[in-house]
$ cat run-v1.txt   # compact mmCIF, C-alpha atoms and all ligand atoms
# COMPACT_ATOMS: atom_id res chain seq x y z
CA MET E 1 181.33 130.48 63.69
CA LYS E 2 181.63 128.44 60.52
CA TYR E 3 182.11 124.70 60.67
CA THR E 4 182.36 124.03 56.90
CA LYS E 5 185.59 122.06 56.85
CA SER E 6 184.64 120.00 59.89
CA GLU E 7 181.34 119.16 58.23
CA GLN E 8 183.14 118.05 55.06
CA LEU E 9 185.57 115.88 57.01
CA PHE E 10 182.70 114.37 58.96
CA LYS E 11 180.99 113.28 55.72
CA GLU E 12 184.24 111.67 54.59
CA ALA E 13 184.88 110.09 57.98
CA GLU E 14 181.41 108.55 58.10
CA LYS E 15 182.27 106.53 55.00
CA TYR E 16 185.20 104.77 56.62
CA ILE E 17 184.69 104.93 60.37
CA PRO E 18 181.43 103.99 62.16
CA GLY E 19 179.68 107.24 63.03
CA GLY E 20 182.74 109.04 61.70
CA VAL E 21 184.56 108.75 65.01
CA ASN E 22 186.79 106.36 66.92
CA SER E 23 184.96 106.95 70.23
CA PRO E 24 181.20 107.63 70.35
CA VAL E 25 180.93 110.88 72.32
CA ARG E 26 183.27 112.62 69.87
CA ALA E 27 180.43 112.47 67.33
CA PHE E 28 178.37 115.32 68.91
CA LYS E 29 175.41 113.14 67.84
CA SER E 30 173.59 113.52 71.13
CA VAL E 31 173.56 117.30 70.74
CA GLY E 32 172.37 117.02 67.13
CA LEU E 33 175.45 118.58 65.53
CA ALA E 34 178.28 117.56 63.23
CA PRO E 35 181.44 117.19 65.31
CA ILE E 36 184.36 119.57 65.13
CA PHE E 37 187.69 118.20 63.91
CA ALA E 38 190.75 119.38 65.78
CA ASP E 39 193.69 120.90 63.98
CA LYS E 40 195.95 121.74 66.91
CA ALA E 41 195.91 122.74 70.54
CA HIS E 42 198.10 124.60 72.99
CA GLY E 43 197.59 125.53 76.64
CA ASP E 44 193.85 125.82 77.27
CA ARG E 45 193.06 126.50 73.59
CA LEU E 46 191.98 124.12 70.86
CA ILE E 47 191.78 125.20 67.23
CA ASP E 48 189.60 123.31 64.79
CA VAL E 49 190.16 122.76 61.08
CA ASP E 50 188.00 125.82 60.26
CA GLY E 51 190.31 127.98 62.35
CA ASN E 52 187.78 128.43 65.20
CA GLU E 53 189.53 128.82 68.53
CA TYR E 54 187.98 127.41 71.70
CA ILE E 55 188.74 127.56 75.40
CA ASP E 56 188.84 123.81 75.89
CA TYR E 57 187.15 122.05 78.81
CA ILE E 58 187.26 118.60 77.21
CA CYS E 59 191.06 118.55 77.36
CA SER E 60 191.17 115.00 75.96
CA TRP E 61 188.70 113.95 78.68
CA GLY E 62 191.00 114.61 81.56
CA PRO E 63 194.63 113.68 81.07
CA LEU E 64 195.97 117.13 80.28
CA MET E 65 196.61 118.39 83.79
CA LEU E 66 199.08 120.94 82.43
CA GLY E 67 197.00 121.82 79.39
CA HIS E 68 197.71 120.94 75.77
CA SER E 69 201.33 120.30 74.78
CA PRO E 70 203.29 122.44 77.24
CA ASP E 71 206.55 123.36 75.46
CA PHE E 72 208.81 121.29 77.74
CA MET E 73 206.79 118.14 77.03
CA SER E 74 207.94 117.57 73.50
CA GLU E 75 211.60 118.41 74.20
CA GLY E 76 213.60 115.25 73.58
CA LEU E 77 210.62 113.38 72.13
CA GLU E 78 212.08 113.28 68.63
CA GLU E 79 215.38 111.93 69.98
CA MET E 80 213.47 109.31 71.88
CA ALA E 81 211.51 108.26 68.77
CA LYS E 82 214.75 107.97 66.79
CA ARG E 83 216.00 105.44 69.33
CA GLY E 84 212.96 103.27 68.64
CA THR E 85 209.20 103.46 69.13
CA SER E 86 208.65 100.04 70.71
CA TYR E 87 211.04 97.16 71.45
CA GLY E 88 209.13 94.26 72.94
CA VAL E 89 211.81 93.96 75.61
CA ALA E 90 212.02 95.80 78.93
CA THR E 91 213.27 99.39 79.26
CA GLU E 92 214.65 101.41 82.16
CA ILE E 93 212.07 104.18 81.83
CA GLU E 94 209.29 101.71 82.73
CA ILE E 95 210.90 101.28 86.15
CA GLU E 96 211.21 105.05 86.57
CA VAL E 97 207.53 105.65 85.88
CA ALA E 98 206.43 102.71 88.05
CA LYS E 99 208.54 104.08 90.90
CA ILE E 100 206.98 107.55 90.63
CA ILE E 101 203.46 106.04 90.74
CA VAL E 102 204.21 103.68 93.62
CA ASP E 103 205.89 106.48 95.62
CA ALA E 104 202.86 108.71 95.08
CA TYR E 105 200.26 106.14 96.08
CA PRO E 106 200.89 104.64 99.52
CA ALA E 107 198.33 101.84 99.09
CA ILE E 108 200.41 100.05 96.45
CA ASP E 109 203.82 98.37 96.19
CA GLN E 110 203.73 97.46 92.51
CA VAL E 111 202.11 98.61 89.31
CA ARG E 112 201.60 97.01 85.89
CA MET E 113 201.35 99.24 82.82
CA VAL E 114 198.64 98.67 80.22
CA ASN E 115 197.37 100.77 77.31
CA SER E 116 194.05 102.27 78.42
CA GLY E 117 191.70 102.72 81.34
CA THR E 118 189.55 99.91 79.98
CA GLU E 119 192.47 97.51 80.12
CA ALA E 120 193.40 98.67 83.61
CA THR E 121 189.97 97.97 85.13
CA MET E 122 189.46 94.74 83.19
CA SER E 123 192.86 93.43 84.33
CA ALA E 124 192.46 94.59 87.94
CA LEU E 125 189.18 92.69 88.22
CA ARG E 126 190.76 89.54 86.85
CA VAL E 127 193.55 89.80 89.40
CA ALA E 128 191.08 90.48 92.23
CA ARG E 129 189.07 87.41 91.19
CA GLY E 130 192.20 85.29 90.98
CA TYR E 131 193.40 86.54 94.35
CA THR E 132 190.14 85.97 96.21
CA ASN E 133 189.00 82.95 94.24
CA ARG E 134 185.55 84.54 94.02
CA ASN E 135 183.56 85.49 90.93
CA LYS E 136 181.21 88.35 91.73
CA ILE E 137 182.04 92.01 91.45
CA LEU E 138 180.10 95.05 92.61
CA LYS E 139 179.92 98.31 90.70
CA PHE E 140 177.74 101.41 90.97
CA GLU E 141 174.98 102.76 88.78
CA GLY E 142 176.26 105.57 86.56
CA CYS E 143 179.95 104.78 87.06
CA TYR E 144 181.87 104.01 83.89
CA HIS E 145 184.91 101.78 84.01
CA GLY E 146 185.66 101.34 80.32
CA HIS E 147 184.02 99.07 77.80
CA SER E 148 185.02 95.56 78.84
CA ASP E 149 182.04 93.19 78.82
CA GLY E 150 181.59 92.61 82.53
CA LEU E 151 181.61 96.33 83.30
CA LEU E 152 179.14 97.52 80.68
CA VAL E 153 176.26 97.22 83.09
CA GLN E 154 174.24 100.29 84.12
CA SER E 155 177.23 102.28 83.07
CA GLY E 156 177.83 106.01 82.60
CA SER E 157 179.57 108.32 80.11
CA GLY E 158 178.79 107.61 76.42
CA THR E 159 176.71 104.54 77.28
CA LEU E 160 174.38 106.80 79.25
CA THR E 161 174.48 109.57 76.65
CA PHE E 162 173.40 107.17 73.92
CA GLY E 163 170.91 105.26 76.07
CA VAL E 164 172.72 101.89 76.10
CA PRO E 165 173.96 101.65 79.70
CA THR E 166 173.88 97.88 79.30
CA SER E 167 175.22 97.12 75.83
CA PRO E 168 173.89 94.54 73.36
CA GLY E 169 176.67 92.12 72.47
CA VAL E 170 177.44 91.44 76.10
CA PRO E 171 176.16 87.92 76.89
CA ALA E 172 173.93 87.65 79.95
CA ASP E 173 176.24 84.91 81.20
CA VAL E 174 179.14 87.34 81.34
CA VAL E 175 177.33 89.95 83.41
CA LYS E 176 175.55 87.60 85.78
CA ASN E 177 178.46 88.12 88.16
CA THR E 178 178.25 91.91 88.01
CA LEU E 179 176.19 93.31 90.87
CA VAL E 180 175.09 96.93 90.80
CA CYS E 181 174.28 99.25 93.70
CA ARG E 182 173.20 102.86 93.99
CA TYR E 183 176.07 105.32 94.23
CA ASN E 184 176.43 107.03 97.62
CA ASP E 185 174.04 104.54 99.20
CA MET E 186 175.69 102.38 101.88
CA ASP E 187 172.37 100.80 102.88
CA ASP E 188 172.11 99.33 99.40
CA VAL E 189 175.70 98.07 99.58
CA ARG E 190 175.11 96.49 103.02
CA ARG E 191 171.98 94.73 101.75
CA VAL E 192 173.92 93.16 98.86
CA PHE E 193 176.85 92.18 101.09
CA GLU E 194 174.55 90.55 103.63
CA GLU E 195 173.16 88.34 100.87
CA GLN E 196 176.30 87.59 98.82
CA GLY E 197 179.30 89.26 100.50
CA ASP E 198 181.34 86.05 100.73
CA ASP E 199 181.17 85.66 96.94
CA ILE E 200 182.17 89.23 96.07
CA ALA E 201 185.76 89.41 94.80
CA ALA E 202 185.89 93.17 94.31
CA VAL E 203 184.07 96.45 94.67
CA ILE E 204 185.06 98.89 91.94
CA VAL E 205 184.21 102.56 92.36
CA GLU E 206 184.96 106.02 91.05
CA THR E 207 185.53 107.96 94.28
CA VAL E 208 184.27 111.01 92.42
CA SER E 209 182.23 109.90 89.47
CA GLY E 210 183.02 111.88 86.35
CA ASN E 211 180.79 109.78 84.14
CA MET E 212 177.28 110.84 85.17
CA GLY E 213 178.33 114.47 85.20
CA VAL E 214 180.41 115.13 88.31
CA VAL E 215 179.06 113.33 91.36
CA PRO E 216 181.46 113.18 94.30
CA GLY E 217 181.29 110.20 96.63
CA THR E 218 180.53 111.28 100.18
CA GLN E 219 183.17 110.68 102.84
CA GLU E 220 180.75 108.33 104.59
CA PHE E 221 180.26 106.30 101.40
CA ILE E 222 183.95 105.94 100.55
CA GLN E 223 184.85 105.07 104.16
CA GLY E 224 181.84 102.72 104.32
CA LEU E 225 183.11 100.84 101.26
CA ARG E 226 186.53 100.53 102.87
CA ASP E 227 185.04 99.11 106.06
CA ILE E 228 182.72 96.61 104.41
CA CYS E 229 185.44 95.35 102.04
CA THR E 230 187.77 94.80 104.99
CA GLU E 231 185.02 92.94 106.84
CA TYR E 232 184.29 90.60 103.93
CA LYS E 233 187.89 90.31 102.60
CA THR E 234 186.72 91.83 99.34
CA VAL E 235 189.23 93.77 97.24
CA LEU E 236 188.36 97.47 97.14
CA ILE E 237 189.36 98.98 93.78
CA PHE E 238 189.47 102.72 93.23
CA ASP E 239 189.10 103.46 89.54
CA GLU E 240 191.22 106.62 89.40
CA VAL E 241 191.27 106.98 85.63
CA ILE E 242 189.76 110.46 86.06
CA THR E 243 190.66 111.27 89.68
CA GLY E 244 194.23 109.91 89.77
CA PHE E 245 196.87 112.64 90.12
CA ARG E 246 194.01 115.12 89.69
CA LEU E 247 192.16 115.38 93.01
CA ALA E 248 195.56 115.51 94.72
CA TYR E 249 199.04 114.25 93.90
CA ASN E 250 198.23 111.17 95.95
CA SER E 251 194.84 111.05 94.23
CA SER E 252 191.79 109.87 96.22
CA ILE E 253 193.95 108.81 99.15
CA GLY E 254 194.80 112.47 99.72
CA TYR E 255 191.28 113.67 98.98
CA PHE E 256 189.34 111.20 101.14
CA GLY E 257 192.03 109.84 103.49
CA VAL E 258 190.93 106.30 102.53
CA GLU E 259 193.18 103.64 100.97
CA PRO E 260 191.92 101.02 98.51
CA ASP E 261 193.42 97.55 97.99
CA MET E 262 193.89 98.13 94.28
CA VAL E 263 193.96 101.16 92.02
CA CYS E 264 193.44 101.73 88.31
CA PHE E 265 194.97 104.67 86.51
CA GLY E 266 194.49 105.75 82.92
CA LYS E 267 195.19 108.54 80.51
CA ILE E 268 196.52 111.01 83.12
CA ILE E 269 199.68 109.01 83.80
CA GLY E 270 200.60 109.22 80.11
CA ALA E 271 199.68 112.90 79.68
CA GLY E 272 197.35 111.91 76.85
CA MET E 273 199.36 109.02 75.41
CA PRO E 274 197.56 105.65 75.33
CA VAL E 275 198.40 104.43 78.83
CA GLY E 276 196.76 102.81 81.81
CA ALA E 277 198.00 100.97 84.87
CA TYR E 278 196.79 98.93 87.80
CA GLY E 279 198.51 98.41 91.11
CA ALA E 280 198.19 96.91 94.58
CA LYS E 281 200.26 95.63 97.48
CA LYS E 282 202.78 92.94 96.58
CA GLU E 283 200.62 90.17 98.01
CA ILE E 284 197.92 90.86 95.41
CA MET E 285 200.28 91.74 92.54
CA SER E 286 202.16 88.47 93.08
CA CYS E 287 199.18 86.73 91.49
CA VAL E 288 200.04 88.36 88.16
CA SER E 289 201.92 86.45 85.47
CA PRO E 290 204.85 85.68 85.26
CA VAL E 291 205.09 85.58 89.09
CA GLY E 292 201.63 84.12 89.57
CA PRO E 293 198.99 82.38 87.48
CA VAL E 294 196.68 85.29 86.54
CA TYR E 295 197.45 86.09 82.91
CA GLN E 296 197.60 89.66 81.65
CA ALA E 297 199.88 90.96 78.92
CA GLY E 298 200.39 93.67 76.28
CA THR E 299 202.75 94.08 73.31
CA LEU E 300 202.74 97.87 73.62
CA SER E 301 202.40 98.12 77.41
CA GLY E 302 204.95 100.51 78.88
CA ASN E 303 205.61 101.93 75.43
CA PRO E 304 208.78 104.05 75.58
CA LEU E 305 207.27 107.20 74.06
CA ALA E 306 204.24 107.03 76.34
CA MET E 307 206.54 106.48 79.33
CA PHE E 308 208.71 109.41 78.27
CA LEU E 309 205.79 111.86 78.28
CA GLY E 310 204.15 110.25 81.29
CA LYS E 311 207.35 110.59 83.29
CA LYS E 312 207.67 114.29 82.49
CA ASN E 313 204.05 114.90 83.38
CA LEU E 314 204.18 113.04 86.70
CA GLU E 315 207.52 114.59 87.67
CA THR E 316 206.13 118.05 87.04
CA LEU E 317 203.10 117.34 89.22
CA ARG E 318 205.32 115.81 91.91
CA ASP E 319 207.76 118.72 91.97
CA HIS E 320 205.14 121.48 91.83
CA LYS E 321 202.41 120.38 94.20
CA ASP E 322 201.19 124.00 94.40
CA ILE E 323 199.52 123.12 91.08
CA TYR E 324 196.78 121.35 93.06
CA ALA E 325 195.88 124.42 95.14
CA GLU E 326 195.78 126.41 91.91
CA LEU E 327 193.54 123.87 90.20
CA ASP E 328 191.21 123.92 93.19
CA ARG E 329 191.10 127.73 93.15
CA LYS E 330 190.31 127.73 89.44
CA GLY E 331 187.61 125.09 89.90
CA LYS E 332 186.04 127.15 92.70
CA MET E 333 186.18 130.29 90.60
CA LEU E 334 184.35 128.57 87.75
CA GLN E 335 181.78 126.94 90.04
CA GLU E 336 181.01 130.18 91.89
CA GLY E 337 180.87 132.16 88.66
CA ILE E 338 178.27 129.79 87.21
CA GLN E 339 176.34 129.73 90.50
CA ASN E 340 176.22 133.56 90.51
CA ASN E 341 174.92 133.56 86.95
CA LEU E 342 172.19 131.07 87.87
CA LYS E 343 171.18 133.26 90.78
CA LYS E 344 171.09 136.41 88.64
CA LEU E 345 168.95 134.63 86.06
CA GLY E 346 166.65 132.99 88.64
CA LEU E 347 167.49 129.45 87.45
CA ASP E 348 167.38 126.62 89.96
CA TYR E 349 170.17 124.41 88.63
CA THR E 350 173.06 122.65 90.35
CA VAL E 351 176.81 123.03 89.97
CA ASN E 352 178.79 120.07 91.35
CA ARG E 353 182.53 120.19 91.79
CA ALA E 354 185.45 118.19 93.11
CA GLY E 355 188.69 120.15 92.72
CA SER E 356 189.18 120.83 89.02
CA LEU E 357 186.17 118.74 87.90
CA VAL E 358 183.07 120.87 87.44
CA CYS E 359 179.58 120.12 86.12
CA LEU E 360 176.44 122.18 85.60
CA PHE E 361 173.34 120.00 85.90
CA PHE E 362 170.10 121.32 84.44
CA THR E 363 168.15 120.22 87.49
CA SER E 364 167.74 121.43 91.05
CA GLY E 365 169.99 119.63 93.47
CA PRO E 366 171.35 117.91 95.27
CA VAL E 367 172.78 115.59 92.59
CA GLN E 368 174.25 112.64 94.48
CA ASN E 369 173.55 109.62 92.34
CA PHE E 370 172.42 108.34 88.97
CA ASP E 371 168.71 109.04 89.56
CA ASP E 372 169.43 112.66 90.50
CA ALA E 373 171.79 113.13 87.52
CA THR E 374 169.29 111.77 85.01
CA LYS E 375 166.66 114.30 86.15
CA SER E 376 168.68 116.87 84.25
CA ASP E 377 166.87 118.56 81.35
CA ILE E 378 168.83 117.14 78.40
CA ASP E 379 167.15 119.34 75.77
CA LYS E 380 168.27 122.39 77.71
CA PHE E 381 171.77 120.99 78.02
CA ASN E 382 171.91 120.38 74.27
CA GLN E 383 170.87 123.98 73.51
CA TYR E 384 173.36 125.23 76.07
CA PHE E 385 176.17 123.18 74.50
CA LYS E 386 175.56 124.83 71.13
CA GLU E 387 175.34 128.32 72.61
CA MET E 388 178.67 127.75 74.36
CA LEU E 389 180.32 126.27 71.25
CA ASP E 390 179.26 129.27 69.18
CA ARG E 391 180.88 131.51 71.78
CA GLY E 392 184.15 129.58 71.56
CA ILE E 393 183.76 127.49 74.71
CA LEU E 394 184.24 123.77 74.16
CA ILE E 395 182.58 121.54 76.75
CA ALA E 396 181.85 117.84 76.44
CA PRO E 397 178.82 117.27 74.18
CA SER E 398 176.94 115.44 76.93
CA GLN E 399 175.38 116.26 80.27
CA TYR E 400 176.98 113.16 81.74
CA GLU E 401 180.58 114.33 81.56
CA ALA E 402 182.82 116.69 83.49
CA MET E 403 184.34 120.05 82.61
CA PHE E 404 188.07 119.40 82.96
CA LEU E 405 190.19 122.32 84.13
CA SER E 406 193.92 122.30 83.65
CA TYR E 407 196.75 124.34 85.08
CA ALA E 408 196.87 126.14 81.72
CA HIS E 409 193.37 127.65 82.14
CA THR E 410 194.02 131.30 82.89
CA ASP E 411 191.88 133.43 85.22
CA GLU E 412 191.07 135.59 82.22
CA ASP E 413 189.79 132.63 80.23
CA ILE E 414 187.75 131.35 83.17
CA GLU E 415 186.21 134.82 83.58
CA HIS E 416 185.41 134.84 79.87
CA THR E 417 183.85 131.37 80.22
CA ILE E 418 181.65 132.63 83.06
CA LYS E 419 180.54 135.56 80.90
CA CYS E 420 179.71 133.18 78.03
CA ASN E 421 177.89 130.89 80.45
CA TYR E 422 175.67 133.83 81.44
CA GLU E 423 174.89 134.72 77.84
CA ALA E 424 174.34 131.08 76.83
CA LEU E 425 171.98 130.41 79.74
CA LYS E 426 170.10 133.59 78.92
CA ALA E 427 169.79 132.61 75.26
CA CYS E 428 168.51 129.11 75.87
CA HIS E 429 165.89 130.29 78.38
CA ASN E 430 164.75 133.29 76.27
CA LEU E 431 165.60 135.64 79.12
N1 LIG E 501 187.43 104.41 84.10
C1 LIG E 501 186.99 105.66 84.17
C2 LIG E 501 186.61 106.23 85.50
C3 LIG E 501 186.87 106.44 83.01
O1 LIG E 501 186.41 107.69 83.10
C4 LIG E 501 187.25 105.89 81.78
C5 LIG E 501 187.16 106.68 80.48
N2 LIG E 501 186.99 108.00 80.59
C6 LIG E 501 187.72 104.58 81.75
C7 LIG E 501 187.80 103.86 82.91
C8 LIG E 501 188.14 103.95 80.45
O2 LIG E 501 189.31 104.50 80.00
P1 LIG E 501 189.72 104.39 78.46
O3 LIG E 501 188.77 105.24 77.70
O4 LIG E 501 191.14 104.90 78.44
O5 LIG E 501 189.64 102.96 78.09
$ encode --input "run-v1.txt" --output "structure tokens"
Amino acid sequence: MKYTKSEQLFKEAEKYIPGGVNSPVRAFKSVGLAPIFADKAHGDRLIDVDGNEYIDYICSWGPLMLGHSPDFMSEGLEEMAKRGTSYGVATEIEIEVAKIIVDAYPAIDQVRMVNSGTEATMSALRVARGYTNRNKILKFEGCYHGHSDGLLVQSGSGTLTFGVPTSPGVPADVVKNTLVCRYNDMDDVRRVFEEQGDDIAAVIVETVSGNMGVVPGTQEFIQGLRDICTEYKTVLIFDEVITGFRLAYNSSIGYFGVEPDMVCFGKIIGAGMPVGAYGAKKEIMSCVSPVGPVYQAGTLSGNPLAMFLGKKNLETLRDHKDIYAELDRKGKMLQEGIQNNLKKLGLDYTVNRAGSLVCLFFTSGPVQNFDDATKSDIDKFNQYFKEMLDRGILIAPSQYEAMFLSYAHTDEDIEHTIKCNYEALKACHNL
């Protein structure tokens, strides 16, 4: 593979954009390479500016449940844009999308649209604090909830990749109310609640963490969080930016059979457009301005073009729920294929999976929390990433991210990925 044009663009980009990218992990810096620049994408394929074609497992970091730009998605988009790209007054389509989300997620009565996952979690926490009149929040080591100040504490995703899980620039005063526990460890949570439970406004959790690799919450952990939050009248928030409409149509509620008090959604509900949302029962949402005193706003929130694509995406998922069984089958196929390769090569590594989220950790398992995940051999991962890229398989350039499968990933392409995985593992272990 040649990456000449991408390398040229990267040099140019570095002049005008910090690190040449508008989001850190796109830089490929952690794997010691210049990043690729996308030209176009369709289905499960992404083509870069040098004409290299990849089977794509980044898939915009999760939102593309149906793959890149399915043909029906863009139908009518031009018409829509001609009618206006943003009005600053309410539109009917915002109600339609809100209704689809509320109908899908039994724990909520109302939802407020925002523009990103970061905004969704930041706003949900403000509402939970306003509702409970408490200040503290509890998050988990290795979970990433966007880059708002109070949540950049022992975080995952790019913060972990670049070794800044607690970012400079965040005043100590801001994070003094952020408590952190070990993921999948109810004893740790109980200890913190016994000391400060009456001051904790909210617990925010990824039910399956996709930001320290893929680390599913255990049933006992998720149910335990539900029980302790009920006991202490703390708001339980599921951050479903990755898991929402992915683990099941009714998201983590379907997957775990546990309902939170609040939910945050992100990119998935806009099919890749800049969208997020948070929701809860009416009692909690009544705190939000203009009904209640908790202020939260957004000029572009509920943007008509984002709503147009989001509506099509969610309607398709709603009307074809067989997609979820298919995604699970594809995820299992990929997981088992990689596990077979590891066995054949005598490598003692771990493959975690929840539905269509898959992750190969370069460490023996089980991988159930941040400490386990960070035992992974990062040098090996970095070599593996390059071997896969050169074979036309695009995975996230970091150990601490998921492989995202979409409905568009064909069996043939998954089989080819498994074959490339075998060759790449062989190459980076000199076998
Ligand atoms: N929460 C979770 C669980 C995420 O994975 C992410 C980003 N991947 C966010 C929040 C932040 O979303 P955004 O990047 O849209 O701000």
$ residues_near_ligand --input "run-v1.txt" --ligand "ligand LIG 501 (chain E)" --cutoff "6 Å" --atoms "all atoms listed in the file" --output "PyMOL selection string"
chain E and resi 116-118+144-146+206+239+241-242+266-267
$ closest_residue --input "run-v1.txt" --among "E:Arg353, E:Lys330, E:Lys136, E:His42" --to "E:Ile200" --atoms "only C-alpha atoms"
E:Lys136
$ closest_residue --input "run-v1.txt" --among "E:Thr178, E:Asn22, E:Asn211, E:Asn421" --to "E:Thr159" --atoms "all atoms listed in the file"
E:Asn211
$ residues_around --input "run-v1.txt" --residues "stretch 292-300 of chain E" --least-positions-apart "5" --cutoff "10 Å" --atoms "only C-alpha atoms" --output "mmCIF file with C-alpha atoms, keeping the file's coordinate frame"
data_model
loop_
_atom_site.group_PDB
_atom_site.id
_atom_site.type_symbol
_atom_site.label_atom_id
_atom_site.label_comp_id
_atom_site.auth_asym_id
_atom_site.auth_seq_id
_atom_site.Cartn_x
_atom_site.Cartn_y
_atom_site.Cartn_z
ATOM 1 C CA THR E 85 209.200 103.460 69.130
ATOM 2 C CA SER E 86 208.650 100.040 70.710
ATOM 3 C CA TYR E 87 211.040 97.160 71.450
ATOM 4 C CA GLY E 88 209.130 94.260 72.940
ATOM 5 C CA VAL E 89 211.810 93.960 75.610
ATOM 6 C CA ARG E 112 201.600 97.010 85.890
ATOM 7 C CA MET E 113 201.350 99.240 82.820
ATOM 8 C CA VAL E 114 198.640 98.670 80.220
ATOM 9 C CA ASN E 115 197.370 100.770 77.310
ATOM 10 C CA GLU E 119 192.470 97.510 80.120
ATOM 11 C CA MET E 122 189.460 94.740 83.190
ATOM 12 C CA SER E 123 192.860 93.430 84.330
ATOM 13 C CA ALA E 124 192.460 94.590 87.940
ATOM 14 C CA ARG E 126 190.760 89.540 86.850
ATOM 15 C CA VAL E 127 193.550 89.800 89.400
ATOM 16 C CA ALA E 128 191.080 90.480 92.230
ATOM 17 C CA ARG E 129 189.070 87.410 91.190
ATOM 18 C CA GLY E 130 192.200 85.290 90.980
ATOM 19 C CA TYR E 131 193.400 86.540 94.350
ATOM 20 C CA PRO E 274 197.560 105.650 75.330
ATOM 21 C CA VAL E 275 198.400 104.430 78.830
ATOM 22 C CA ILE E 284 197.920 90.860 95.410
ATOM 23 C CA MET E 285 200.280 91.740 92.540
ATOM 24 C CA SER E 286 202.160 88.470 93.080
ATOM 25 C CA CYS E 287 199.180 86.730 91.490
ATOM 26 C CA ALA E 306 204.240 107.030 76.340
#
$ residues_around --input "run-v1.txt" --residues "stretch 216-228 of chain E" --least-positions-apart "4" --cutoff "7 Å" --atoms "all atoms listed in the file" --output "number ranges by chain"
E: 184-186, 207-209, 232, 236, 256, 258, 260, 354
$ axis_aligned_box --input "run-v1.txt" --around "stretch 299-317 of chain E" --padding-each-side "5 Å" --output "lines of an AutoDock Vina configuration file"
center_x = 205.6
center_y = 106.1
center_z = 81.3
size_x = 16.4
size_y = 34.0
size_z = 25.9
$ build_atoms --input "run-v1.txt" --residues "stretch 362-375 of chain E" --atoms "N, CA and C atoms" --output "compact mmCIF listing (two decimals), keeping the file's coordinate frame"
# COMPACT_ATOMS: atom_id res chain seq x y z
N PHE E 362 171.31 120.54 84.70
CA PHE E 362 170.10 121.32 84.44
C PHE E 362 168.93 120.76 85.26
N THR E 363 169.17 120.66 86.55
CA THR E 363 168.15 120.22 87.49
C THR E 363 168.48 120.81 88.86
N SER E 364 167.45 120.94 89.71
CA SER E 364 167.74 121.43 91.05
C SER E 364 168.40 120.29 91.83
N GLY E 365 169.19 120.64 92.78
CA GLY E 365 169.99 119.63 93.47
C GLY E 365 169.29 119.06 94.67
N PRO E 366 169.98 118.32 95.51
CA PRO E 366 171.35 117.91 95.27
C PRO E 366 171.43 116.77 94.25
N VAL E 367 172.56 116.69 93.54
CA VAL E 367 172.78 115.59 92.59
C VAL E 367 173.83 114.67 93.21
N GLN E 368 173.35 113.53 93.74
CA GLN E 368 174.25 112.64 94.48
C GLN E 368 174.33 111.23 93.93
N ASN E 369 173.51 110.97 92.93
CA ASN E 369 173.55 109.62 92.34
C ASN E 369 172.97 109.65 90.93
N PHE E 370 172.88 108.49 90.35
CA PHE E 370 172.42 108.34 88.97
C PHE E 370 171.01 108.90 88.77
N ASP E 371 170.10 108.56 89.70
CA ASP E 371 168.71 109.04 89.56
C ASP E 371 168.64 110.56 89.56
N ASP E 372 169.41 111.18 90.46
CA ASP E 372 169.43 112.66 90.50
C ASP E 372 169.99 113.21 89.19
N ALA E 373 171.10 112.60 88.72
CA ALA E 373 171.79 113.13 87.52
C ALA E 373 170.88 113.05 86.30
N THR E 374 170.11 111.95 86.21
CA THR E 374 169.29 111.77 85.01
C THR E 374 167.98 112.56 85.07
N LYS E 375 167.80 113.35 86.13
CA LYS E 375 166.66 114.30 86.15
C LYS E 375 166.99 115.55 85.35
